[in-house]
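Below is entry.txt, which holds compact mmCIF, N, CA and C atoms.
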```
# COMPACT_ATOMS: atom_id res chain seq x y z
N TYR A 1 93.17 72.80 74.32
CA TYR A 1 92.22 73.81 74.76
C TYR A 1 92.89 74.85 75.65
N LEU A 2 93.77 74.40 76.54
CA LEU A 2 94.48 75.31 77.45
C LEU A 2 95.41 76.24 76.67
N GLN A 3 96.08 75.69 75.64
CA GLN A 3 96.97 76.52 74.82
C GLN A 3 96.18 77.60 74.08
N THR A 4 95.00 77.28 73.64
CA THR A 4 94.15 78.25 72.96
C THR A 4 93.78 79.38 73.91
N ASP A 5 93.42 79.03 75.14
CA ASP A 5 93.09 80.04 76.15
C ASP A 5 94.29 80.93 76.45
N ILE A 6 95.45 80.32 76.59
CA ILE A 6 96.66 81.10 76.88
C ILE A 6 96.98 82.05 75.73
N LYS A 7 96.87 81.57 74.50
CA LYS A 7 97.12 82.43 73.34
C LYS A 7 96.11 83.58 73.29
N HIS A 8 94.86 83.27 73.59
CA HIS A 8 93.82 84.30 73.59
C HIS A 8 94.09 85.36 74.66
N ILE A 9 94.46 84.91 75.85
CA ILE A 9 94.78 85.84 76.94
C ILE A 9 95.99 86.68 76.57
N SER A 10 96.98 86.05 75.96
CA SER A 10 98.18 86.77 75.54
C SER A 10 97.84 87.85 74.51
N MET A 11 96.98 87.54 73.58
CA MET A 11 96.57 88.52 72.56
C MET A 11 95.82 89.69 73.20
N ILE A 12 94.98 89.39 74.17
CA ILE A 12 94.24 90.44 74.87
C ILE A 12 95.21 91.34 75.63
N GLN A 13 96.21 90.75 76.27
CA GLN A 13 97.20 91.55 77.00
C GLN A 13 97.98 92.46 76.06
N ILE A 14 98.34 91.95 74.90
CA ILE A 14 99.06 92.77 73.92
C ILE A 14 98.18 93.93 73.46
N GLU A 15 96.91 93.66 73.24
CA GLU A 15 95.97 94.70 72.83
C GLU A 15 95.82 95.77 73.92
N ILE A 16 95.71 95.34 75.17
CA ILE A 16 95.59 96.28 76.29
C ILE A 16 96.84 97.14 76.40
N LEU A 17 98.01 96.51 76.29
CA LEU A 17 99.27 97.25 76.36
C LEU A 17 99.35 98.28 75.24
N SER A 18 98.94 97.90 74.07
CA SER A 18 98.94 98.82 72.94
C SER A 18 98.03 100.02 73.20
N LYS A 19 96.86 99.77 73.75
CA LYS A 19 95.93 100.86 74.07
C LYS A 19 96.48 101.77 75.15
N LEU A 20 97.14 101.19 76.15
CA LEU A 20 97.76 102.00 77.21
C LEU A 20 98.85 102.90 76.66
N GLU A 21 99.69 102.35 75.79
CA GLU A 21 100.75 103.15 75.18
C GLU A 21 100.15 104.28 74.34
N TYR A 22 99.11 103.98 73.60
CA TYR A 22 98.44 104.98 72.78
C TYR A 22 97.87 106.09 73.66
N THR A 23 97.20 105.71 74.74
CA THR A 23 96.62 106.68 75.66
C THR A 23 97.69 107.55 76.31
N THR A 24 98.77 106.92 76.75
CA THR A 24 99.88 107.65 77.37
C THR A 24 100.46 108.66 76.39
N ASN A 25 100.67 108.24 75.16
CA ASN A 25 101.21 109.15 74.15
C ASN A 25 100.26 110.30 73.87
N ASN A 26 98.96 110.03 73.83
CA ASN A 26 97.98 111.09 73.62
C ASN A 26 98.00 112.11 74.75
N ILE A 27 98.09 111.62 75.99
CA ILE A 27 98.15 112.53 77.14
C ILE A 27 99.41 113.39 77.06
N LYS A 28 100.54 112.76 76.76
CA LYS A 28 101.80 113.51 76.66
C LYS A 28 101.72 114.55 75.55
N ASP A 29 101.19 114.15 74.39
CA ASP A 29 101.06 115.10 73.28
C ASP A 29 100.15 116.26 73.64
N SER A 30 99.06 115.95 74.30
CA SER A 30 98.11 116.99 74.70
C SER A 30 98.76 117.98 75.65
N ILE A 31 99.50 117.48 76.62
CA ILE A 31 100.16 118.37 77.57
C ILE A 31 101.25 119.17 76.88
N ASN A 32 102.00 118.54 75.97
CA ASN A 32 103.05 119.27 75.24
C ASN A 32 102.45 120.40 74.42
N LYS A 33 101.32 120.14 73.77
CA LYS A 33 100.67 121.19 72.98
C LYS A 33 100.19 122.32 73.88
N THR A 34 99.62 121.97 75.02
CA THR A 34 99.13 122.97 75.96
C THR A 34 100.27 123.85 76.45
N CYS A 35 101.38 123.22 76.81
CA CYS A 35 102.50 123.97 77.39
C CYS A 35 103.24 124.77 76.33
N SER A 36 103.35 124.25 75.11
CA SER A 36 104.11 124.96 74.10
C SER A 36 103.29 126.04 73.41
N SER A 37 101.97 125.98 73.56
CA SER A 37 101.13 126.95 72.87
C SER A 37 101.10 128.31 73.55
N SER A 38 101.58 128.38 74.78
CA SER A 38 101.61 129.67 75.45
C SER A 38 102.89 129.79 76.25
N ASP A 39 103.34 131.02 76.43
CA ASP A 39 104.56 131.25 77.19
C ASP A 39 104.34 131.00 78.67
N GLU A 40 103.16 131.31 79.15
CA GLU A 40 102.87 131.13 80.57
C GLU A 40 102.06 129.87 80.78
N PHE A 41 102.61 128.97 81.53
CA PHE A 41 101.93 127.72 81.84
C PHE A 41 100.98 127.95 83.01
N LEU A 42 99.80 127.42 82.90
CA LEU A 42 98.85 127.51 84.00
C LEU A 42 98.70 126.15 84.65
N ALA A 43 98.91 126.09 85.95
CA ALA A 43 98.79 124.82 86.67
C ALA A 43 97.40 124.24 86.50
N ASP A 44 96.42 125.08 86.27
CA ASP A 44 95.05 124.60 86.09
C ASP A 44 94.84 123.90 84.76
N ASP A 45 95.85 123.96 83.86
CA ASP A 45 95.74 123.24 82.60
C ASP A 45 95.80 121.73 82.81
N PHE A 46 96.37 121.30 83.93
CA PHE A 46 96.36 119.89 84.27
C PHE A 46 94.99 119.53 84.82
N ASN A 47 94.66 118.27 84.71
CA ASN A 47 93.39 117.79 85.26
C ASN A 47 93.61 117.34 86.70
N TRP A 48 93.27 118.20 87.63
CA TRP A 48 93.42 117.86 89.05
C TRP A 48 92.11 117.31 89.56
N PRO A 49 92.10 116.41 90.48
CA PRO A 49 93.25 115.72 91.06
C PRO A 49 93.73 114.58 90.15
N ILE A 50 94.98 114.19 90.35
CA ILE A 50 95.58 113.09 89.60
C ILE A 50 94.95 111.80 90.12
N ASN A 51 94.50 110.95 89.19
CA ASN A 51 93.82 109.74 89.64
C ASN A 51 94.45 108.44 89.16
N ASP A 52 95.53 108.50 88.36
CA ASP A 52 96.18 107.25 87.96
C ASP A 52 97.68 107.45 87.78
N MET A 53 98.40 106.34 87.79
CA MET A 53 99.86 106.37 87.74
C MET A 53 100.38 106.91 86.41
N LEU A 54 99.69 106.62 85.31
CA LEU A 54 100.15 107.11 84.01
C LEU A 54 100.16 108.63 83.98
N TYR A 55 99.09 109.22 84.43
CA TYR A 55 99.00 110.68 84.43
C TYR A 55 99.99 111.28 85.42
N LEU A 56 100.20 110.60 86.54
CA LEU A 56 101.20 111.05 87.51
C LEU A 56 102.58 111.10 86.86
N GLU A 57 102.92 110.08 86.08
CA GLU A 57 104.22 110.05 85.40
C GLU A 57 104.37 111.23 84.44
N VAL A 58 103.30 111.53 83.72
CA VAL A 58 103.34 112.65 82.78
C VAL A 58 103.58 113.96 83.53
N ILE A 59 102.88 114.16 84.62
CA ILE A 59 103.02 115.39 85.40
C ILE A 59 104.40 115.46 86.03
N GLU A 60 104.89 114.34 86.54
CA GLU A 60 106.24 114.30 87.12
C GLU A 60 107.28 114.75 86.09
N GLU A 61 107.08 114.32 84.86
CA GLU A 61 107.99 114.70 83.78
C GLU A 61 107.91 116.21 83.50
N LYS A 62 106.71 116.74 83.49
CA LYS A 62 106.51 118.16 83.21
C LYS A 62 107.10 119.05 84.31
N ILE A 63 107.10 118.58 85.54
CA ILE A 63 107.61 119.37 86.66
C ILE A 63 109.11 119.58 86.56
N ASN A 64 109.78 118.81 85.72
CA ASN A 64 111.21 119.03 85.51
C ASN A 64 111.48 120.39 84.86
N ASP A 65 110.48 120.94 84.19
CA ASP A 65 110.60 122.29 83.62
C ASP A 65 110.50 123.29 84.77
N LYS A 66 111.53 124.11 84.91
CA LYS A 66 111.63 125.05 86.03
C LYS A 66 110.43 126.02 86.09
N ASN A 67 110.00 126.52 84.94
CA ASN A 67 108.88 127.47 84.91
C ASN A 67 107.58 126.82 85.38
N ILE A 68 107.35 125.60 84.93
CA ILE A 68 106.14 124.88 85.34
C ILE A 68 106.18 124.61 86.83
N ARG A 69 107.34 124.16 87.30
CA ARG A 69 107.50 123.85 88.72
C ARG A 69 107.25 125.09 89.59
N ASN A 70 107.87 126.20 89.22
CA ASN A 70 107.71 127.44 89.99
C ASN A 70 106.27 127.92 89.99
N TYR A 71 105.62 127.85 88.84
CA TYR A 71 104.23 128.28 88.77
C TYR A 71 103.35 127.40 89.66
N LEU A 72 103.62 126.09 89.63
CA LEU A 72 102.84 125.16 90.44
C LEU A 72 103.06 125.42 91.93
N VAL A 73 104.31 125.65 92.33
CA VAL A 73 104.61 125.96 93.74
C VAL A 73 103.84 127.21 94.17
N ASN A 74 103.89 128.25 93.36
CA ASN A 74 103.20 129.50 93.70
C ASN A 74 101.68 129.29 93.76
N ASN A 75 101.15 128.54 92.81
CA ASN A 75 99.72 128.28 92.78
C ASN A 75 99.27 127.51 94.02
N LEU A 76 100.03 126.50 94.40
CA LEU A 76 99.66 125.68 95.56
C LEU A 76 99.85 126.44 96.87
N SER A 77 100.80 127.35 96.90
CA SER A 77 101.03 128.10 98.14
C SER A 77 99.88 129.07 98.43
N ASN A 78 99.05 129.32 97.45
CA ASN A 78 97.90 130.21 97.64
C ASN A 78 96.65 129.49 98.16
N LEU A 79 96.74 128.18 98.36
CA LEU A 79 95.56 127.44 98.84
C LEU A 79 95.22 127.76 100.28
N GLY A 80 96.21 128.14 101.07
CA GLY A 80 95.95 128.58 102.43
C GLY A 80 95.75 127.46 103.42
N GLY A 81 95.58 127.87 104.68
CA GLY A 81 95.38 126.95 105.78
C GLY A 81 95.86 127.58 107.07
N ASN A 82 95.35 127.08 108.21
CA ASN A 82 95.70 127.65 109.51
C ASN A 82 96.95 127.04 110.10
N SER A 83 97.32 125.86 109.65
CA SER A 83 98.49 125.16 110.18
C SER A 83 99.19 124.44 109.04
N VAL A 84 100.40 123.99 109.30
CA VAL A 84 101.12 123.23 108.28
C VAL A 84 100.31 122.00 107.88
N LYS A 85 99.72 121.35 108.87
CA LYS A 85 98.91 120.16 108.60
C LYS A 85 97.74 120.48 107.66
N SER A 86 97.04 121.57 107.92
CA SER A 86 95.89 121.91 107.08
C SER A 86 96.32 122.36 105.68
N ILE A 87 97.47 123.02 105.60
CA ILE A 87 98.00 123.44 104.29
C ILE A 87 98.30 122.21 103.45
N ILE A 88 99.04 121.27 104.05
CA ILE A 88 99.41 120.05 103.32
C ILE A 88 98.16 119.26 102.94
N LYS A 89 97.20 119.19 103.82
CA LYS A 89 95.95 118.47 103.54
C LYS A 89 95.24 119.08 102.33
N ARG A 90 95.16 120.40 102.29
CA ARG A 90 94.51 121.08 101.15
C ARG A 90 95.25 120.81 99.84
N ILE A 91 96.58 120.87 99.92
CA ILE A 91 97.39 120.64 98.72
C ILE A 91 97.21 119.20 98.23
N LEU A 92 97.30 118.24 99.14
CA LEU A 92 97.13 116.84 98.76
C LEU A 92 95.75 116.59 98.17
N TYR A 93 94.73 117.21 98.76
CA TYR A 93 93.36 117.05 98.27
C TYR A 93 93.22 117.61 96.85
N LYS A 94 93.92 118.71 96.57
CA LYS A 94 93.86 119.30 95.23
C LYS A 94 94.60 118.44 94.20
N LEU A 95 95.76 117.88 94.60
CA LEU A 95 96.63 117.20 93.65
C LEU A 95 96.26 115.75 93.37
N PHE A 96 95.82 115.01 94.39
CA PHE A 96 95.68 113.56 94.27
C PHE A 96 94.32 113.06 94.74
N THR A 97 93.92 111.92 94.15
CA THR A 97 92.76 111.21 94.70
C THR A 97 93.26 110.31 95.82
N ASP A 98 92.36 109.97 96.74
CA ASP A 98 92.72 109.05 97.82
C ASP A 98 93.15 107.70 97.27
N ASN A 99 92.49 107.28 96.21
CA ASN A 99 92.80 105.99 95.60
C ASN A 99 94.25 105.95 95.11
N LEU A 100 94.70 107.01 94.46
CA LEU A 100 96.08 107.05 93.98
C LEU A 100 97.06 107.09 95.16
N LEU A 101 96.77 107.92 96.15
CA LEU A 101 97.68 108.04 97.29
C LEU A 101 97.77 106.76 98.10
N SER A 102 96.78 105.89 98.00
CA SER A 102 96.83 104.63 98.75
C SER A 102 97.96 103.73 98.26
N ASN A 103 98.54 104.03 97.10
CA ASN A 103 99.67 103.27 96.57
C ASN A 103 101.01 103.75 97.11
N PHE A 104 101.00 104.81 97.91
CA PHE A 104 102.24 105.44 98.38
C PHE A 104 102.30 105.49 99.90
N SER A 105 103.54 105.48 100.40
CA SER A 105 103.83 105.91 101.76
C SER A 105 105.06 106.81 101.64
N MET A 106 105.32 107.62 102.63
CA MET A 106 106.41 108.58 102.52
C MET A 106 107.74 107.89 102.22
N THR A 107 107.99 106.77 102.88
CA THR A 107 109.28 106.08 102.72
C THR A 107 109.18 104.77 101.96
N GLY A 108 108.01 104.42 101.48
CA GLY A 108 107.85 103.21 100.68
C GLY A 108 107.74 101.93 101.48
N LYS A 109 107.26 102.01 102.68
CA LYS A 109 107.13 100.80 103.51
C LYS A 109 105.89 100.01 103.11
N LYS A 110 105.87 98.77 103.55
CA LYS A 110 104.76 97.84 103.31
C LYS A 110 104.49 97.64 101.82
N GLY A 111 105.55 97.64 101.02
CA GLY A 111 105.42 97.37 99.60
C GLY A 111 104.84 98.51 98.78
N LYS A 112 104.73 99.68 99.37
CA LYS A 112 104.18 100.82 98.64
C LYS A 112 105.31 101.61 97.98
N LYS A 113 104.94 102.49 97.07
CA LYS A 113 105.91 103.35 96.40
C LYS A 113 106.31 104.49 97.32
N LYS A 114 107.52 105.03 97.10
CA LYS A 114 108.02 106.12 97.93
C LYS A 114 107.48 107.46 97.45
N PHE A 115 106.64 108.08 98.25
CA PHE A 115 106.11 109.40 97.92
C PHE A 115 107.23 110.44 97.93
N SER A 116 108.21 110.24 98.80
CA SER A 116 109.31 111.21 98.95
C SER A 116 110.16 111.33 97.69
N LYS A 117 110.10 110.34 96.80
CA LYS A 117 110.88 110.40 95.56
C LYS A 117 110.18 111.18 94.44
N LEU A 118 108.92 111.49 94.63
CA LEU A 118 108.18 112.21 93.60
C LEU A 118 108.61 113.67 93.54
N ASN A 119 108.66 114.22 92.35
CA ASN A 119 108.92 115.66 92.19
C ASN A 119 107.82 116.47 92.88
N LEU A 120 106.61 115.94 92.85
CA LEU A 120 105.50 116.65 93.48
C LEU A 120 105.68 116.77 94.99
N CYS A 121 106.41 115.85 95.60
CA CYS A 121 106.67 115.93 97.04
C CYS A 121 107.48 117.19 97.35
N SER A 122 108.53 117.42 96.57
CA SER A 122 109.34 118.63 96.82
C SER A 122 108.56 119.89 96.46
N VAL A 123 107.67 119.80 95.48
CA VAL A 123 106.81 120.94 95.13
C VAL A 123 105.91 121.28 96.32
N ILE A 124 105.36 120.26 96.96
CA ILE A 124 104.50 120.48 98.13
C ILE A 124 105.28 121.14 99.25
N PHE A 125 106.48 120.63 99.55
CA PHE A 125 107.30 121.23 100.60
C PHE A 125 107.60 122.70 100.30
N ASP A 126 107.96 122.98 99.04
CA ASP A 126 108.27 124.36 98.67
C ASP A 126 107.04 125.26 98.75
N ALA A 127 105.87 124.72 98.39
CA ALA A 127 104.64 125.50 98.48
C ALA A 127 104.32 125.85 99.93
N VAL A 128 104.54 124.91 100.84
CA VAL A 128 104.31 125.17 102.26
C VAL A 128 105.30 126.22 102.76
N LYS A 129 106.57 126.09 102.37
CA LYS A 129 107.58 127.07 102.77
C LYS A 129 107.23 128.46 102.23
N ASN A 130 106.77 128.53 100.99
CA ASN A 130 106.37 129.81 100.39
C ASN A 130 105.25 130.47 101.17
N GLN A 131 104.28 129.68 101.57
CA GLN A 131 103.15 130.24 102.31
C GLN A 131 103.61 130.73 103.68
N LYS A 132 104.51 129.99 104.31
CA LYS A 132 104.99 130.38 105.63
C LYS A 132 105.75 131.70 105.57
N LYS A 133 106.40 131.99 104.43
CA LYS A 133 107.12 133.26 104.28
C LYS A 133 106.16 134.43 104.27
N GLY A 134 104.98 134.20 103.68
CA GLY A 134 104.01 135.28 103.55
C GLY A 134 103.28 135.62 104.83
N LYS A 135 103.07 134.64 105.70
CA LYS A 135 102.34 134.88 106.94
C LYS A 135 102.69 133.81 107.96
N HIS A 136 102.36 134.06 109.19
CA HIS A 136 102.65 133.12 110.26
C HIS A 136 101.70 131.93 110.18
N VAL A 137 102.28 130.74 110.22
CA VAL A 137 101.47 129.52 110.20
C VAL A 137 101.83 128.70 111.42
N ASP A 138 100.82 128.33 112.21
CA ASP A 138 101.06 127.49 113.39
C ASP A 138 101.35 126.07 112.95
N GLN A 139 102.32 125.46 113.62
CA GLN A 139 102.64 124.07 113.31
C GLN A 139 101.85 123.18 114.21
```

Encoding of this model in structure tokens:
Amino acid sequence: YLQTDIKHISMIQIEILSKLEYTTNNIKDSINKTCSSSDEFLADDFNWPINDMLYLEVIEEKINDKNIRNYLVNNLSNLGGNSVKSIIKRILYKLFTDNLLSNFSMTGKKGKKKFSKLNLCSVIFDAVKNQKKGKHVDQ
């Protein structure tokens, strides 16, 4: 009886993995079609805020494209704020759900993932720097 349960659970896990791979591939294909169908990429073509790790991985991959990265930096730098803290807060609120961010810490302490290793982390820093160039921002 126990072996039957284990086999059943194993089959369910294989089915779930297959569905996850299918979903991931569909998301990647959808983003590739969106980005290749026009010369100018719009940051709003992504579904913000990011709410799961699979979609985060897809976006991280897309940010490797210099044009997409630059457009995203410029778009995020327009969100505004009175201080560096408020600018970063607005950017984080636009990009991520609280639930997703709860899996990260800046340096990866307490068993969490390192936020500092994400491409989006450097995009955020560049967006803040871009905004500071345009006007005075209190720290």

Kindly provide the residues of region 90-123 of chain A that approach region 54-61 of chain A to within 7 Å, each paired with its closest atom pair and their distance in Å to one decimal, based on all atoms listed in the file, listed by chain and increasing number, as CSV.
```
residue,atom,partner,partner_atom,distance
A:Leu118,C,A:Glu60,CA,6.9
A:Asn119,N,A:Glu60,CA,5.8
A:Leu120,N,A:Glu60,CA,6.0
```

(request) To one decimal in Å, tell me the separation between atom N of Asn78 (chain A) and atom C of Asp126 (chain A). (result)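 Computing the Euclidean distance for atom N of Asn78 (chain A) and atom C of Asp126 (chain A) yields 9.1 Å.
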
(request) Using DSSP on the backbone coordinates, identify the residues of chain A assigned to strand (DSSP E); present them as a list in words. (result) Phe104, Ser105, Lys113 and Lys114 of chain A

With N, CA and C atoms retained, write the just-selected residues as an mmCIF file, in the coordinates of the input.
```cif
data_model
loop_
_atom_site.group_PDB
_atom_site.id
_atom_site.type_symbol
_atom_site.label_atom_id
_atom_site.label_comp_id
_atom_site.auth_asym_id
_atom_site.auth_seq_id
_atom_site.Cartn_x
_atom_site.Cartn_y
_atom_site.Cartn_z
ATOM 1 N N PHE A 104 101.000 104.810 97.910
ATOM 2 C CA PHE A 104 102.240 105.440 98.380
ATOM 3 C C PHE A 104 102.300 105.490 99.900
ATOM 4 N N SER A 105 103.540 105.480 100.400
ATOM 5 C CA SER A 105 103.830 105.910 101.760
ATOM 6 C C SER A 105 105.060 106.810 101.640
ATOM 7 N N LYS A 113 104.940 102.490 97.070
ATOM 8 C CA LYS A 113 105.910 103.350 96.400
ATOM 9 C C LYS A 113 106.310 104.490 97.320
ATOM 10 N N LYS A 114 107.520 105.030 97.100
ATOM 11 C CA LYS A 114 108.020 106.120 97.930
ATOM 12 C C LYS A 114 107.480 107.460 97.450
#
```

(message) Quick check, in Å to one decimal: how far apart do atom N of Ile27 (chain A) and atom C of Pro49 (chain A) lie?
(response) 15.1 Å

(message) Can you measure CA of Leu95 (chain A) to CA of Ser77 (chain A) for me? One decimal in Å is fine.
(response)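 Going from CA of Leu95 (chain A) over to CA of Ser77 (chain A) covers 12.6 Å.
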
(request) Using only N, CA and C atoms, find the one residue out of A:Gln13, A:Val123, A:Val128, A:Asn103 that sits nearest to Ile87 (chain A). (result) A:Val128

(request) Per DSSP on the backbone, filter region 6-135 of chain A down to the residues in alpha helix (DSSP H) and report them as number ranges by chain. (result) A: 6-36, 53-62, 66-77, 84-95, 98-101, 119-134

Polymer residues at most 10 Å from (96.5, 114.6, 93.2) by only C-alpha atoms, as a PDB file with N, CA and C atoms, keeping the file's coordinate frame:
```pdb
ATOM      1  N   ASN A  47      94.660 118.270  84.710  1.00  0.00           N
ATOM      2  CA  ASN A  47      93.390 117.790  85.260  1.00  0.00           C
ATOM      3  C   ASN A  47      93.610 117.340  86.700  1.00  0.00           C
ATOM      4  N   TRP A  48      93.270 118.200  87.630  1.00  0.00           N
ATOM      5  CA  TRP A  48      93.420 117.860  89.050  1.00  0.00           C
ATOM      6  C   TRP A  48      92.110 117.310  89.560  1.00  0.00           C
ATOM      7  N   PRO A  49      92.100 116.410  90.480  1.00  0.00           N
ATOM      8  CA  PRO A  49      93.250 115.720  91.060  1.00  0.00           C
ATOM      9  C   PRO A  49      93.730 114.580  90.150  1.00  0.00           C
ATOM     10  N   ILE A  50      94.980 114.190  90.350  1.00  0.00           N
ATOM     11  CA  ILE A  50      95.580 113.090  89.600  1.00  0.00           C
ATOM     12  C   ILE A  50      94.950 111.800  90.120  1.00  0.00           C
ATOM     13  N   ASN A  51      94.500 110.950  89.190  1.00  0.00           N
ATOM     14  CA  ASN A  51      93.820 109.740  89.640  1.00  0.00           C
ATOM     15  C   ASN A  51      94.450 108.440  89.160  1.00  0.00           C
ATOM     16  N   ASP A  52      95.530 108.500  88.360  1.00  0.00           N
ATOM     17  CA  ASP A  52      96.180 107.250  87.960  1.00  0.00           C
ATOM     18  C   ASP A  52      97.680 107.450  87.780  1.00  0.00           C
ATOM     19  N   TYR A  55      99.090 109.220  84.430  1.00  0.00           N
ATOM     20  CA  TYR A  55      99.000 110.680  84.430  1.00  0.00           C
ATOM     21  C   TYR A  55      99.990 111.280  85.420  1.00  0.00           C
ATOM     22  N   LEU A  56     100.200 110.600  86.540  1.00  0.00           N
ATOM     23  CA  LEU A  56     101.200 111.050  87.510  1.00  0.00           C
ATOM     24  C   LEU A  56     102.580 111.100  86.860  1.00  0.00           C
ATOM     25  N   ILE A  91      96.580 120.870  99.920  1.00  0.00           N
ATOM     26  CA  ILE A  91      97.390 120.640  98.720  1.00  0.00           C
ATOM     27  C   ILE A  91      97.210 119.200  98.230  1.00  0.00           C
ATOM     28  N   LEU A  92      97.300 118.240  99.140  1.00  0.00           N
ATOM     29  CA  LEU A  92      97.130 116.840  98.760  1.00  0.00           C
ATOM     30  C   LEU A  92      95.750 116.590  98.170  1.00  0.00           C
ATOM     31  N   TYR A  93      94.730 117.210  98.760  1.00  0.00           N
ATOM     32  CA  TYR A  93      93.360 117.050  98.270  1.00  0.00           C
ATOM     33  C   TYR A  93      93.220 117.610  96.850  1.00  0.00           C
ATOM     34  N   LYS A  94      93.920 118.710  96.570  1.00  0.00           N
ATOM     35  CA  LYS A  94      93.860 119.300  95.230  1.00  0.00           C
ATOM     36  C   LYS A  94      94.600 118.440  94.200  1.00  0.00           C
ATOM     37  N   LEU A  95      95.760 117.880  94.600  1.00  0.00           N
ATOM     38  CA  LEU A  95      96.630 117.200  93.650  1.00  0.00           C
ATOM     39  C   LEU A  95      96.260 115.750  93.370  1.00  0.00           C
ATOM     40  N   PHE A  96      95.820 115.010  94.390  1.00  0.00           N
ATOM     41  CA  PHE A  96      95.680 113.560  94.270  1.00  0.00           C
ATOM     42  C   PHE A  96      94.320 113.060  94.740  1.00  0.00           C
ATOM     43  N   THR A  97      93.920 111.920  94.150  1.00  0.00           N
ATOM     44  CA  THR A  97      92.760 111.210  94.700  1.00  0.00           C
ATOM     45  C   THR A  97      93.260 110.310  95.820  1.00  0.00           C
ATOM     46  N   ASP A  98      92.360 109.970  96.740  1.00  0.00           N
ATOM     47  CA  ASP A  98      92.720 109.050  97.820  1.00  0.00           C
ATOM     48  C   ASP A  98      93.150 107.700  97.270  1.00  0.00           C
ATOM     49  N   ASN A  99      92.490 107.280  96.210  1.00  0.00           N
ATOM     50  CA  ASN A  99      92.800 105.990  95.600  1.00  0.00           C
ATOM     51  C   ASN A  99      94.250 105.950  95.110  1.00  0.00           C
ATOM     52  N   LEU A 100      94.700 107.010  94.460  1.00  0.00           N
ATOM     53  CA  LEU A 100      96.080 107.050  93.980  1.00  0.00           C
ATOM     54  C   LEU A 100      97.060 107.090  95.160  1.00  0.00           C
ATOM     55  N   LEU A 101      96.770 107.920  96.150  1.00  0.00           N
ATOM     56  CA  LEU A 101      97.680 108.040  97.290  1.00  0.00           C
ATOM     57  C   LEU A 101      97.770 106.760  98.100  1.00  0.00           C
ATOM     58  N   LEU A 120     106.610 115.940  92.850  1.00  0.00           N
ATOM     59  CA  LEU A 120     105.500 116.650  93.480  1.00  0.00           C
ATOM     60  C   LEU A 120     105.680 116.770  94.990  1.00  0.00           C
TER      61      LEU A 120
END
```
